[in-house]
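In what follows, a single structure is set out as structure tokens and then discussed.
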Amino acid sequence: MQHRRRLRLDGKIGRSPVRKAARTVMTDPESSPLAFFAAEIKRLRGIAGMTQEQLAKATNFSAGLVAAIETCRRIPSEDFADGADKALGTDGILSRLQRLVEQTSVLPWFRDLVDVERRATEIRIYETYVIPGLLQTEAYARHTISATRPVITAAEIDRAVALRLTRQETLYREDDPPRLWALLDESVLYRVNGTAEEMSSQLQHLILAGEQPNIVVQIIPNAEGSTAAEGRSFILLSLKSEPAVTYLQDIRSARYLRKTEDVTQYALAYDHLRSNALSDVKSAALIKEVAKHYER
């Protein structure tokens with residue numbers, strides 16, 4: 001097993017916060033509750049005479065995260081809203097607004113997954129089509145979300161990207177982050193979402209993620225042919241004091257399998273898939289090789 005170091009979401013070693021924006025997101029306060037929260041936190045910070053760095057220190061979050069929230073690139077957490085209320089003396093208004101932001105930023109059928117990911121001790125993903133959302137860069141996420149049909153608006157794309165990047169924070173939290181095991185079909189590496197530079201950046205991010213102590217990334221070579229899951233992506237989520245869950249996503253809906261026999265069947269399939277995969281070291285070497293293809 002290779003030496004693993006702590007990764008920030010911006011690709012550097014250390015505490016996790018935020019990538020630079022791939023583009024300017026829509027921050028008109030009237031466009032969504034998320035944009036309104038962003039405008040309010042910036043306004044209230046200005047009234048209090050605090051910089052982003054000072055608010056970050058007062059809330060025990062990174063300055064990068066504060067900047068991302070103020071530009072609608074992250075959905076604020078309950079902890080951040082509570083801390084900002086205390087730091088800015090706003091009598092709980094941001095905490096109350098945060099609940100509305102989260103409700104309106106997450107599709108109803110998707111809320112269970114976001115909640116379970118936060119409480120999970122282990123997340124096992126098998127993906128056949130794209131790099132999983134928990135491991136996507138901002139640019140890659142924007143391209144995959146923009147492909148949604150029927151066509152969604154720019155504001156909806158911004159909210160979806162913000163949600164996807166916010167979900168990733170669970171993996172990099174300092175307090176007992178979940179273990180993530182991602183099995184990807186080799187074909188995922190060749191499906192182009194963005195420019196060659198963006199694809200290279202995405203694959204480099206995937207390599208760095210796989211070096212983290214709580215993350216394993218393995219590739220199932222195309223030469224393995226058909227596998228136990230027959231090309232069907234799924235997620236297994238294990239929790240401390242609740243039964244494990246299997247998550248299956250359709251185009252505009254999702255299914256959650258909670259019966260023990262169903263979850264056990266998917267866990268068995270996952271074990272078979274793992275036996276088809278390259279080791280994490282050989283997987284990283286393959287990803288690097290494909291990244292060089294995009295660099296050329």
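By order of appearance in the structure tokens: chains A, B, ..., then residues from 1 within every chain, and ligands from 1 in the order shown.
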Show me, as CSV, the residues of region 47-137 of chain A having an atom within 12 Å of region 194-200 of chain A, each with the closest atom pair and its distance in Å, using only C-alpha atoms.
```
residue,atom,partner,partner_atom,distance
A:Val130,CA,A:Met199,CA,11.6
A:Ile131,CA,A:Met199,CA,10.8
A:Gln136,CA,A:Met199,CA,10.3
A:Thr137,CA,A:Glu198,CA,8.6
```
Which residues are close to region 43-59 of chain A, i.e. within 7 Å by only C-alpha atoms, leaving aside same-chain residues fewer than 6 positions away? Reply as a VMD selection string.
chain A and resid 66 to 67 80 83 to 84 87 to 88
For Asp112 (chain A), the closest of A:His205, A:Arg179, A:Arg124, A:Arg255 counting only C-alpha atoms is A:Arg255
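Atom to atom, CA of Val281 (chain A) and CA of Asn222 (chain A) stand 17.4 Å apart.
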From CA of Ala155 (chain A) to CA of Pro33 (chain A) the spacing works out at 11.2 Å
The residue from A:Leu278, A:Ile41, A:Asn60, A:Ile220 with the smallest atom-to-atom distance to Glu174 (chain A), counting only C-alpha atoms, is A:Asn60
Practice task
Tell me which protein, DNA and RNA residues are within 12 Å of Leu268 (chain A), counting only C-alpha atoms, leaving out same-chain ones fewer than 6 positions away, and put them as an MDAnalysis selection string.
Solution key: chainID A and resid 228:229 236 261:262 274:275
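With CA of Ile123 (chain A) on one side and CA of Val188 (chain A) on the other, the separation reads 19.1 Å.
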